[in-house]
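For reference, entry-v3.txt is printed below; it contains compact mmCIF, N, CA, C and O atoms.
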```
# COMPACT_ATOMS: atom_id res chain seq x y z
N MET J 1157 0.84 -1.17 0.00
CA MET J 1157 0.00 0.00 0.00
C MET J 1157 0.89 1.24 0.00
O MET J 1157 1.83 1.32 0.76
N GLU J 1158 0.53 2.18 -0.85
CA GLU J 1158 1.28 3.43 -0.92
C GLU J 1158 0.30 4.59 -0.84
O GLU J 1158 -0.74 4.59 -1.50
N ILE J 1159 0.64 5.57 -0.03
CA ILE J 1159 -0.15 6.81 0.00
C ILE J 1159 0.31 7.63 -1.19
O ILE J 1159 1.46 8.07 -1.25
N THR J 1160 -0.57 7.80 -2.17
CA THR J 1160 -0.19 8.48 -3.41
C THR J 1160 -0.60 9.95 -3.43
O THR J 1160 -0.11 10.70 -4.27
N SER J 1161 -1.48 10.35 -2.52
CA SER J 1161 -1.89 11.75 -2.48
C SER J 1161 -2.44 12.09 -1.10
O SER J 1161 -3.15 11.29 -0.50
N VAL J 1162 -2.09 13.28 -0.64
CA VAL J 1162 -2.63 13.81 0.62
C VAL J 1162 -3.05 15.24 0.36
O VAL J 1162 -2.27 16.04 -0.16
N SER J 1163 -4.28 15.58 0.69
CA SER J 1163 -4.70 16.98 0.61
C SER J 1163 -5.25 17.38 1.98
O SER J 1163 -5.91 16.59 2.65
N VAL J 1164 -4.92 18.60 2.37
CA VAL J 1164 -5.31 19.10 3.69
C VAL J 1164 -5.98 20.45 3.53
O VAL J 1164 -5.52 21.29 2.77
N ARG J 1165 -7.07 20.62 4.23
CA ARG J 1165 -7.73 21.92 4.31
C ARG J 1165 -7.56 22.41 5.75
O ARG J 1165 -8.04 21.80 6.69
N LYS J 1166 -6.83 23.50 5.90
CA LYS J 1166 -6.56 24.07 7.21
C LYS J 1166 -7.81 24.75 7.74
O LYS J 1166 -8.53 25.40 6.99
N MET J 1167 -8.05 24.60 9.03
CA MET J 1167 -9.21 25.22 9.68
C MET J 1167 -8.71 26.36 10.57
O MET J 1167 -7.71 26.20 11.27
N ASP J 1168 -9.39 27.47 10.53
CA ASP J 1168 -9.10 28.58 11.42
C ASP J 1168 -10.18 28.61 12.49
O ASP J 1168 -11.13 29.37 12.41
N SER J 1169 -10.02 27.73 13.48
CA SER J 1169 -11.06 27.63 14.50
C SER J 1169 -10.47 27.84 15.88
O SER J 1169 -9.26 27.75 16.09
N GLU J 1170 -11.34 28.10 16.82
CA GLU J 1170 -10.94 28.34 18.20
C GLU J 1170 -10.77 27.03 18.98
O GLU J 1170 -10.20 27.03 20.04
N ASN J 1171 -11.28 25.93 18.43
CA ASN J 1171 -11.14 24.66 19.14
C ASN J 1171 -9.84 23.98 18.73
O ASN J 1171 -8.99 24.56 18.06
N ARG J 1172 -9.66 22.72 19.08
CA ARG J 1172 -8.41 22.01 18.85
C ARG J 1172 -8.28 21.43 17.44
O ARG J 1172 -7.21 20.97 17.08
N MET J 1173 -9.34 21.43 16.66
CA MET J 1173 -9.25 20.88 15.31
C MET J 1173 -8.52 21.87 14.41
O MET J 1173 -8.91 23.01 14.27
N ARG J 1174 -7.44 21.41 13.79
CA ARG J 1174 -6.61 22.29 12.96
C ARG J 1174 -6.85 22.11 11.47
O ARG J 1174 -6.49 22.98 10.69
N GLY J 1175 -7.42 20.96 11.07
CA GLY J 1175 -7.66 20.76 9.65
C GLY J 1175 -8.37 19.45 9.37
O GLY J 1175 -8.60 18.64 10.27
N ILE J 1176 -8.71 19.28 8.08
CA ILE J 1176 -9.35 18.06 7.58
C ILE J 1176 -8.49 17.56 6.42
O ILE J 1176 -8.09 18.35 5.55
N ALA J 1177 -8.24 16.25 6.39
CA ALA J 1177 -7.40 15.68 5.34
C ALA J 1177 -8.15 14.62 4.54
O ALA J 1177 -9.08 13.99 5.04
N SER J 1178 -7.69 14.45 3.31
CA SER J 1178 -8.11 13.35 2.45
C SER J 1178 -6.85 12.65 1.98
O SER J 1178 -5.85 13.29 1.69
N VAL J 1179 -6.92 11.33 1.92
CA VAL J 1179 -5.76 10.52 1.53
C VAL J 1179 -6.19 9.59 0.40
O VAL J 1179 -7.28 9.01 0.45
N VAL J 1180 -5.34 9.46 -0.62
CA VAL J 1180 -5.58 8.51 -1.70
C VAL J 1180 -4.53 7.41 -1.59
O VAL J 1180 -3.33 7.70 -1.44
N LEU J 1181 -4.98 6.17 -1.65
CA LEU J 1181 -4.10 5.01 -1.58
C LEU J 1181 -3.98 4.36 -2.95
O LEU J 1181 -5.00 4.10 -3.60
N ASP J 1182 -2.75 4.11 -3.36
CA ASP J 1182 -2.47 3.40 -4.63
C ASP J 1182 -3.23 3.98 -5.82
O ASP J 1182 -3.60 3.25 -6.73
N ASP J 1183 -3.45 5.29 -5.82
CA ASP J 1183 -4.18 5.97 -6.90
C ASP J 1183 -5.54 5.37 -7.20
O ASP J 1183 -6.07 5.52 -8.30
N CYS J 1184 -6.13 4.67 -6.21
CA CYS J 1184 -7.42 4.03 -6.51
C CYS J 1184 -8.41 3.98 -5.35
O CYS J 1184 -9.55 3.56 -5.55
N PHE J 1185 -8.03 4.42 -4.15
CA PHE J 1185 -8.96 4.37 -3.02
C PHE J 1185 -8.77 5.62 -2.18
O PHE J 1185 -7.63 5.94 -1.79
N ALA J 1186 -9.86 6.35 -1.90
CA ALA J 1186 -9.77 7.61 -1.16
C ALA J 1186 -10.45 7.50 0.20
O ALA J 1186 -11.48 6.84 0.34
N ILE J 1187 -9.85 8.16 1.18
CA ILE J 1187 -10.44 8.29 2.52
C ILE J 1187 -10.53 9.78 2.80
O ILE J 1187 -9.52 10.48 2.79
N HIS J 1188 -11.74 10.25 3.05
CA HIS J 1188 -11.98 11.67 3.32
C HIS J 1188 -12.39 11.85 4.79
O HIS J 1188 -12.84 10.92 5.43
N GLY J 1189 -12.24 13.05 5.29
CA GLY J 1189 -12.74 13.39 6.62
C GLY J 1189 -11.82 12.98 7.76
O GLY J 1189 -12.28 12.79 8.89
N ILE J 1190 -10.51 12.90 7.50
CA ILE J 1190 -9.56 12.61 8.57
C ILE J 1190 -9.26 13.93 9.27
O ILE J 1190 -8.82 14.89 8.65
N ARG J 1191 -9.53 13.98 10.56
CA ARG J 1191 -9.36 15.22 11.31
C ARG J 1191 -7.93 15.35 11.84
O ARG J 1191 -7.34 14.37 12.27
N ILE J 1192 -7.41 16.57 11.79
CA ILE J 1192 -6.10 16.89 12.36
C ILE J 1192 -6.37 17.68 13.63
O ILE J 1192 -7.01 18.74 13.59
N ILE J 1193 -5.91 17.16 14.76
CA ILE J 1193 -6.26 17.72 16.06
C ILE J 1193 -5.00 18.09 16.82
O ILE J 1193 -4.01 17.35 16.81
N GLU J 1194 -5.05 19.24 17.50
CA GLU J 1194 -3.95 19.69 18.36
C GLU J 1194 -4.21 19.14 19.75
O GLU J 1194 -5.12 19.58 20.45
N GLY J 1195 -3.40 18.16 20.16
CA GLY J 1195 -3.52 17.59 21.50
C GLY J 1195 -2.49 18.17 22.43
O GLY J 1195 -1.67 19.00 22.03
N ASP J 1196 -2.51 17.72 23.66
CA ASP J 1196 -1.54 18.21 24.64
C ASP J 1196 -0.11 17.84 24.25
O ASP J 1196 0.83 18.57 24.56
N GLY J 1197 0.06 16.72 23.52
CA GLY J 1197 1.38 16.28 23.10
C GLY J 1197 1.73 16.65 21.67
O GLY J 1197 2.70 16.17 21.13
N GLY J 1198 0.92 17.48 21.03
CA GLY J 1198 1.16 17.87 19.64
C GLY J 1198 0.04 17.43 18.73
O GLY J 1198 -1.04 17.03 19.18
N LEU J 1199 0.29 17.47 17.43
CA LEU J 1199 -0.73 17.12 16.45
C LEU J 1199 -0.92 15.61 16.36
O LEU J 1199 0.03 14.85 16.49
N PHE J 1200 -2.17 15.20 16.14
CA PHE J 1200 -2.47 13.81 15.85
C PHE J 1200 -3.66 13.77 14.91
O PHE J 1200 -4.32 14.78 14.68
N THR J 1201 -3.92 12.60 14.33
CA THR J 1201 -5.03 12.45 13.39
C THR J 1201 -6.12 11.58 14.00
O THR J 1201 -5.84 10.71 14.83
N ALA J 1202 -7.34 11.84 13.59
CA ALA J 1202 -8.50 11.04 14.00
C ALA J 1202 -9.23 10.62 12.73
O ALA J 1202 -9.58 11.47 11.90
N MET J 1203 -9.41 9.34 12.57
CA MET J 1203 -10.04 8.81 11.36
C MET J 1203 -11.52 9.17 11.33
O MET J 1203 -12.12 9.48 12.37
N PRO J 1204 -12.14 9.12 10.15
CA PRO J 1204 -13.57 9.45 10.04
C PRO J 1204 -14.39 8.50 10.90
O PRO J 1204 -14.11 7.30 10.96
N SER J 1205 -15.39 9.05 11.58
CA SER J 1205 -16.21 8.23 12.46
C SER J 1205 -17.68 8.63 12.34
O SER J 1205 -18.01 9.67 11.77
N ARG J 1206 -18.51 7.77 12.88
CA ARG J 1206 -19.96 7.99 12.84
C ARG J 1206 -20.52 7.81 14.25
O ARG J 1206 -20.13 6.90 14.97
N LYS J 1207 -21.43 8.68 14.62
CA LYS J 1207 -22.08 8.60 15.93
C LYS J 1207 -23.17 7.54 15.85
O LYS J 1207 -24.00 7.53 14.95
N THR J 1208 -23.19 6.63 16.83
CA THR J 1208 -24.19 5.57 16.86
C THR J 1208 -25.40 6.01 17.68
O THR J 1208 -25.39 7.08 18.31
N ASN J 1209 -26.42 5.18 17.70
CA ASN J 1209 -27.64 5.51 18.44
C ASN J 1209 -27.42 5.66 19.94
O ASN J 1209 -28.15 6.40 20.60
N ASP J 1210 -26.41 4.99 20.48
CA ASP J 1210 -26.15 5.10 21.92
C ASP J 1210 -25.23 6.27 22.26
O ASP J 1210 -24.83 6.44 23.41
N GLY J 1211 -24.87 7.09 21.25
CA GLY J 1211 -24.07 8.29 21.50
C GLY J 1211 -22.58 8.09 21.42
O GLY J 1211 -21.83 9.05 21.58
N THR J 1212 -22.12 6.87 21.18
CA THR J 1212 -20.69 6.63 21.03
C THR J 1212 -20.28 6.81 19.57
O THR J 1212 -21.13 6.82 18.68
N TYR J 1213 -19.00 6.94 19.34
CA TYR J 1213 -18.48 7.11 17.98
C TYR J 1213 -17.67 5.87 17.60
O TYR J 1213 -16.94 5.32 18.42
N HIS J 1214 -17.81 5.45 16.34
CA HIS J 1214 -17.07 4.32 15.81
C HIS J 1214 -16.42 4.73 14.49
O HIS J 1214 -17.07 5.35 13.65
N ASP J 1215 -15.14 4.36 14.35
CA ASP J 1215 -14.43 4.67 13.10
C ASP J 1215 -15.10 4.00 11.92
O ASP J 1215 -15.53 2.84 12.01
N ILE J 1216 -15.19 4.73 10.82
CA ILE J 1216 -15.71 4.17 9.57
C ILE J 1216 -14.60 3.41 8.86
O ILE J 1216 -14.80 2.34 8.31
N ALA J 1217 -13.41 3.99 8.84
CA ALA J 1217 -12.22 3.37 8.26
C ALA J 1217 -11.05 3.71 9.16
O ALA J 1217 -10.99 4.81 9.72
N HIS J 1218 -10.14 2.75 9.34
CA HIS J 1218 -9.00 3.02 10.20
C HIS J 1218 -7.88 2.03 9.91
O HIS J 1218 -8.12 0.92 9.45
N PRO J 1219 -6.63 2.45 10.18
CA PRO J 1219 -5.49 1.53 10.02
C PRO J 1219 -5.58 0.41 11.07
O PRO J 1219 -6.00 0.64 12.20
N ILE J 1220 -5.16 -0.77 10.68
CA ILE J 1220 -5.19 -1.92 11.59
C ILE J 1220 -3.90 -2.01 12.41
O ILE J 1220 -3.94 -2.32 13.59
N THR J 1221 -2.77 -1.70 11.78
CA THR J 1221 -1.49 -1.82 12.48
C THR J 1221 -0.96 -0.46 12.90
O THR J 1221 -1.31 0.57 12.31
N GLN J 1222 -0.09 -0.48 13.88
CA GLN J 1222 0.54 0.75 14.36
C GLN J 1222 1.42 1.36 13.27
O GLN J 1222 1.47 2.59 13.12
N GLU J 1223 2.08 0.51 12.47
CA GLU J 1223 2.93 1.01 11.39
C GLU J 1223 2.11 1.75 10.34
O GLU J 1223 2.52 2.79 9.84
N CYS J 1224 0.96 1.21 10.00
CA CYS J 1224 0.09 1.86 9.02
C CYS J 1224 -0.46 3.18 9.57
O CYS J 1224 -0.50 4.18 8.87
N ARG J 1225 -0.85 3.18 10.84
CA ARG J 1225 -1.34 4.41 11.47
C ARG J 1225 -0.26 5.49 11.43
O ARG J 1225 -0.52 6.65 11.12
N LYS J 1226 0.99 5.11 11.72
CA LYS J 1226 2.09 6.07 11.70
C LYS J 1226 2.32 6.60 10.28
O LYS J 1226 2.57 7.79 10.09
N GLN J 1227 2.21 5.72 9.29
CA GLN J 1227 2.38 6.14 7.90
C GLN J 1227 1.35 7.20 7.52
O GLN J 1227 1.67 8.22 6.92
N PHE J 1228 0.09 6.98 7.89
CA PHE J 1228 -0.97 7.95 7.64
C PHE J 1228 -0.69 9.26 8.37
O PHE J 1228 -0.72 10.33 7.78
N GLU J 1229 -0.43 9.15 9.67
CA GLU J 1229 -0.25 10.35 10.49
C GLU J 1229 0.95 11.17 10.01
O GLU J 1229 0.85 12.40 9.90
N ASP J 1230 2.06 10.51 9.71
CA ASP J 1230 3.25 11.24 9.24
C ASP J 1230 2.97 11.98 7.94
O ASP J 1230 3.34 13.16 7.79
N ALA J 1231 2.32 11.33 6.98
CA ALA J 1231 2.04 11.96 5.68
C ALA J 1231 1.07 13.13 5.83
O ALA J 1231 1.26 14.19 5.22
N ILE J 1232 0.05 12.97 6.66
CA ILE J 1232 -0.95 14.02 6.84
C ILE J 1232 -0.36 15.22 7.58
O ILE J 1232 -0.54 16.37 7.16
N ILE J 1233 0.36 14.97 8.65
CA ILE J 1233 0.94 16.07 9.42
C ILE J 1233 2.02 16.79 8.62
O ILE J 1233 2.14 18.02 8.69
N GLU J 1234 2.78 16.06 7.82
CA GLU J 1234 3.76 16.70 6.94
C GLU J 1234 3.08 17.66 5.96
O GLU J 1234 3.54 18.80 5.78
N GLU J 1235 1.98 17.22 5.36
CA GLU J 1235 1.26 18.09 4.42
C GLU J 1235 0.63 19.28 5.16
O GLU J 1235 0.65 20.40 4.67
N TYR J 1236 0.09 19.05 6.35
CA TYR J 1236 -0.48 20.15 7.15
C TYR J 1236 0.60 21.19 7.45
O TYR J 1236 0.37 22.39 7.28
N ASN J 1237 1.76 20.75 7.89
CA ASN J 1237 2.84 21.69 8.22
C ASN J 1237 3.31 22.45 6.98
O ASN J 1237 3.64 23.63 7.08
N LYS J 1238 3.29 21.81 5.83
CA LYS J 1238 3.68 22.46 4.59
C LYS J 1238 2.73 23.61 4.25
O LYS J 1238 3.16 24.72 3.95
N ILE J 1239 1.42 23.37 4.33
CA ILE J 1239 0.48 24.45 3.99
C ILE J 1239 0.43 25.50 5.10
O ILE J 1239 0.20 26.67 4.82
N LYS J 1240 0.66 25.10 6.33
CA LYS J 1240 0.70 26.06 7.44
C LYS J 1240 1.88 27.03 7.25
O LYS J 1240 1.73 28.23 7.43
N ASP J 1241 3.04 26.49 6.85
CA ASP J 1241 4.22 27.33 6.64
C ASP J 1241 4.02 28.27 5.45
O ASP J 1241 4.50 29.40 5.46
N GLU J 1242 3.30 27.83 4.43
CA GLU J 1242 3.02 28.69 3.26
C GLU J 1242 2.14 29.86 3.62
O GLU J 1242 2.25 30.93 3.05
N ASP J 1243 1.24 29.67 4.59
CA ASP J 1243 0.32 30.72 5.00
C ASP J 1243 1.00 31.77 5.87
O ASP J 1243 0.50 32.87 6.03
N GLU J 1244 2.11 31.43 6.46
CA GLU J 1244 2.76 32.37 7.40
C GLU J 1244 3.74 33.29 6.72
O GLU J 1244 4.09 33.30 5.66
```

Translate the structure described by the file into structure tokens.
Amino acid sequence: MEITSVSVRKMDSENRMRGIASVVLDDCFAIHGIRIIEGDGGLFTAMPSRKTNDGTYHDIAHPITQECRKQFEDAIIEEYNKIKDEDE
């Protein structure tokens, strides 16, 4: 699996959400709605999720392994930092 494209839309909000990302895998599968969040330890990503009837949230799509999660997070945060630096 290769991440072939990452696009980030920066958010100018007062809360901790800094942006929304879309990722394309192998030029044939897209995942939209990945949130970029400013946590106490820095930036992290949250995969798209849906609220259930009992009020909890469940991921719609997510990496299974820690290595895959890191690959996603590194690519998304790198793109976020690139557009953030261009705006400054």

Pick from J:Ile1159, J:Val1179, J:Met1173, J:Ile1239 nearest to Gly1195 in chain J, counting all atoms listed in the file
J:Met1173

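Atom pair atom O of His1214 in chain J / atom O of Glu1234 in chain J: separated by 25.8 Å.
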
With DSSP run on the backbone, what are the strand (DSSP E or B) residues within chain J? I'd like them as number ranges by chain.
J: 1159-1166, 1173-1181, 1185-1195, 1198-1202, 1205-1207, 1213-1215

Please save N, CA, C and O atoms of the selected residues as a compact mmCIF listing (two decimals), in the frame of the given file.
```txt
# COMPACT_ATOMS: atom_id res chain seq x y z
N ILE J 1159 0.64 5.57 -0.03
CA ILE J 1159 -0.15 6.81 0.00
C ILE J 1159 0.31 7.63 -1.19
O ILE J 1159 1.46 8.07 -1.25
N THR J 1160 -0.57 7.80 -2.17
CA THR J 1160 -0.19 8.48 -3.41
C THR J 1160 -0.60 9.95 -3.43
O THR J 1160 -0.11 10.70 -4.27
N SER J 1161 -1.48 10.35 -2.52
CA SER J 1161 -1.89 11.75 -2.48
C SER J 1161 -2.44 12.09 -1.10
O SER J 1161 -3.15 11.29 -0.50
N VAL J 1162 -2.09 13.28 -0.64
CA VAL J 1162 -2.63 13.81 0.62
C VAL J 1162 -3.05 15.24 0.36
O VAL J 1162 -2.27 16.04 -0.16
N SER J 1163 -4.28 15.58 0.69
CA SER J 1163 -4.70 16.98 0.61
C SER J 1163 -5.25 17.38 1.98
O SER J 1163 -5.91 16.59 2.65
N VAL J 1164 -4.92 18.60 2.37
CA VAL J 1164 -5.31 19.10 3.69
C VAL J 1164 -5.98 20.45 3.53
O VAL J 1164 -5.52 21.29 2.77
N ARG J 1165 -7.07 20.62 4.23
CA ARG J 1165 -7.73 21.92 4.31
C ARG J 1165 -7.56 22.41 5.75
O ARG J 1165 -8.04 21.80 6.69
N LYS J 1166 -6.83 23.50 5.90
CA LYS J 1166 -6.56 24.07 7.21
C LYS J 1166 -7.81 24.75 7.74
O LYS J 1166 -8.53 25.40 6.99
N MET J 1173 -9.34 21.43 16.66
CA MET J 1173 -9.25 20.88 15.31
C MET J 1173 -8.52 21.87 14.41
O MET J 1173 -8.91 23.01 14.27
N ARG J 1174 -7.44 21.41 13.79
CA ARG J 1174 -6.61 22.29 12.96
C ARG J 1174 -6.85 22.11 11.47
O ARG J 1174 -6.49 22.98 10.69
N GLY J 1175 -7.42 20.96 11.07
CA GLY J 1175 -7.66 20.76 9.65
C GLY J 1175 -8.37 19.45 9.37
O GLY J 1175 -8.60 18.64 10.27
N ILE J 1176 -8.71 19.28 8.08
CA ILE J 1176 -9.35 18.06 7.58
C ILE J 1176 -8.49 17.56 6.42
O ILE J 1176 -8.09 18.35 5.55
N ALA J 1177 -8.24 16.25 6.39
CA ALA J 1177 -7.40 15.68 5.34
C ALA J 1177 -8.15 14.62 4.54
O ALA J 1177 -9.08 13.99 5.04
N SER J 1178 -7.69 14.45 3.31
CA SER J 1178 -8.11 13.35 2.45
C SER J 1178 -6.85 12.65 1.98
O SER J 1178 -5.85 13.29 1.69
N VAL J 1179 -6.92 11.33 1.92
CA VAL J 1179 -5.76 10.52 1.53
C VAL J 1179 -6.19 9.59 0.40
O VAL J 1179 -7.28 9.01 0.45
N VAL J 1180 -5.34 9.46 -0.62
CA VAL J 1180 -5.58 8.51 -1.70
C VAL J 1180 -4.53 7.41 -1.59
O VAL J 1180 -3.33 7.70 -1.44
N LEU J 1181 -4.98 6.17 -1.65
CA LEU J 1181 -4.10 5.01 -1.58
C LEU J 1181 -3.98 4.36 -2.95
O LEU J 1181 -5.00 4.10 -3.60
N PHE J 1185 -8.03 4.42 -4.15
CA PHE J 1185 -8.96 4.37 -3.02
C PHE J 1185 -8.77 5.62 -2.18
O PHE J 1185 -7.63 5.94 -1.79
N ALA J 1186 -9.86 6.35 -1.90
CA ALA J 1186 -9.77 7.61 -1.16
C ALA J 1186 -10.45 7.50 0.20
O ALA J 1186 -11.48 6.84 0.34
N ILE J 1187 -9.85 8.16 1.18
CA ILE J 1187 -10.44 8.29 2.52
C ILE J 1187 -10.53 9.78 2.80
O ILE J 1187 -9.52 10.48 2.79
N HIS J 1188 -11.74 10.25 3.05
CA HIS J 1188 -11.98 11.67 3.32
C HIS J 1188 -12.39 11.85 4.79
O HIS J 1188 -12.84 10.92 5.43
N GLY J 1189 -12.24 13.05 5.29
CA GLY J 1189 -12.74 13.39 6.62
C GLY J 1189 -11.82 12.98 7.76
O GLY J 1189 -12.28 12.79 8.89
N ILE J 1190 -10.51 12.90 7.50
CA ILE J 1190 -9.56 12.61 8.57
C ILE J 1190 -9.26 13.93 9.27
O ILE J 1190 -8.82 14.89 8.65
N ARG J 1191 -9.53 13.98 10.56
CA ARG J 1191 -9.36 15.22 11.31
C ARG J 1191 -7.93 15.35 11.84
O ARG J 1191 -7.34 14.37 12.27
N ILE J 1192 -7.41 16.57 11.79
CA ILE J 1192 -6.10 16.89 12.36
C ILE J 1192 -6.37 17.68 13.63
O ILE J 1192 -7.01 18.74 13.59
N ILE J 1193 -5.91 17.16 14.76
CA ILE J 1193 -6.26 17.72 16.06
C ILE J 1193 -5.00 18.09 16.82
O ILE J 1193 -4.01 17.35 16.81
N GLU J 1194 -5.05 19.24 17.50
CA GLU J 1194 -3.95 19.69 18.36
C GLU J 1194 -4.21 19.14 19.75
O GLU J 1194 -5.12 19.58 20.45
N GLY J 1195 -3.40 18.16 20.16
CA GLY J 1195 -3.52 17.59 21.50
C GLY J 1195 -2.49 18.17 22.43
O GLY J 1195 -1.67 19.00 22.03
N GLY J 1198 0.92 17.48 21.03
CA GLY J 1198 1.16 17.87 19.64
C GLY J 1198 0.04 17.43 18.73
O GLY J 1198 -1.04 17.03 19.18
N LEU J 1199 0.29 17.47 17.43
CA LEU J 1199 -0.73 17.12 16.45
C LEU J 1199 -0.92 15.61 16.36
O LEU J 1199 0.03 14.85 16.49
N PHE J 1200 -2.17 15.20 16.14
CA PHE J 1200 -2.47 13.81 15.85
C PHE J 1200 -3.66 13.77 14.91
O PHE J 1200 -4.32 14.78 14.68
N THR J 1201 -3.92 12.60 14.33
CA THR J 1201 -5.03 12.45 13.39
C THR J 1201 -6.12 11.58 14.00
O THR J 1201 -5.84 10.71 14.83
N ALA J 1202 -7.34 11.84 13.59
CA ALA J 1202 -8.50 11.04 14.00
C ALA J 1202 -9.23 10.62 12.73
O ALA J 1202 -9.58 11.47 11.90
N SER J 1205 -15.39 9.05 11.58
CA SER J 1205 -16.21 8.23 12.46
C SER J 1205 -17.68 8.63 12.34
O SER J 1205 -18.01 9.67 11.77
N ARG J 1206 -18.51 7.77 12.88
CA ARG J 1206 -19.96 7.99 12.84
C ARG J 1206 -20.52 7.81 14.25
O ARG J 1206 -20.13 6.90 14.97
N LYS J 1207 -21.43 8.68 14.62
CA LYS J 1207 -22.08 8.60 15.93
C LYS J 1207 -23.17 7.54 15.85
O LYS J 1207 -24.00 7.53 14.95
N TYR J 1213 -19.00 6.94 19.34
CA TYR J 1213 -18.48 7.11 17.98
C TYR J 1213 -17.67 5.87 17.60
O TYR J 1213 -16.94 5.32 18.42
N HIS J 1214 -17.81 5.45 16.34
CA HIS J 1214 -17.07 4.32 15.81
C HIS J 1214 -16.42 4.73 14.49
O HIS J 1214 -17.07 5.35 13.65
N ASP J 1215 -15.14 4.36 14.35
CA ASP J 1215 -14.43 4.67 13.10
C ASP J 1215 -15.10 4.00 11.92
O ASP J 1215 -15.53 2.84 12.01
```

Could you tell me, as a list of chain:residue names, which residues of range 1160-1241 of chain J DSSP assigns to alpha helix (DSSP H) when given the backbone?
J:Gln1222, J:Glu1223, J:Cys1224, J:Arg1225, J:Lys1226, J:Gln1227, J:Phe1228, J:Glu1229, J:Asp1230, J:Ala1231, J:Ile1232, J:Ile1233, J:Glu1234, J:Glu1235, J:Tyr1236, J:Asn1237, J:Lys1238, J:Ile1239, J:Lys1240, J:Asp1241

Could you tell me how far atom C of Ala1231 in chain J lies from atom N of Ser1163 in chain J, in Å and to one decimal?
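Between atom C of Ala1231 in chain J and atom N of Ser1163 in chain J the gap is 7.8 Å.
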
Go through J:Asp1196, J:Ile1232, J:Lys1226, J:Glu1242 one by one, measure the shortest atom-to-atom distance of each to Ser1178 in chain J using only N, CA, C and O atoms, and give the residue with the smallest value.
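Closest residue, counting only N, CA, C and O atoms: J:Ile1232.
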
Expressed in Å, the length from CA of Ala1217 in chain J to CA of Met1203 in chain J is 6.6 Å

All file atoms of range 1160-1176 of chain J boxed axis-aligned, 3 Å per side, centre plus edges, as AutoDock Vina command-line options:
```
--center_x -5.7 --center_y 18.6 --center_z 7.9 --size_x 17.2 --size_y 27.6 --size_z 30.3
```

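Here the selection is built from only C-alpha atoms, and the residues within 8 Å of (-3.9, 12.6, 7.2) turn out to be Val1162, Ser1163, Val1164, Ile1176, Ala1177, Ser1178, Val1179, Ile1190, Arg1191, Ile1192, Thr1201, Phe1228, Glu1229, Asp1230, Ala1231, Ile1232 and Ile1233 of chain J.
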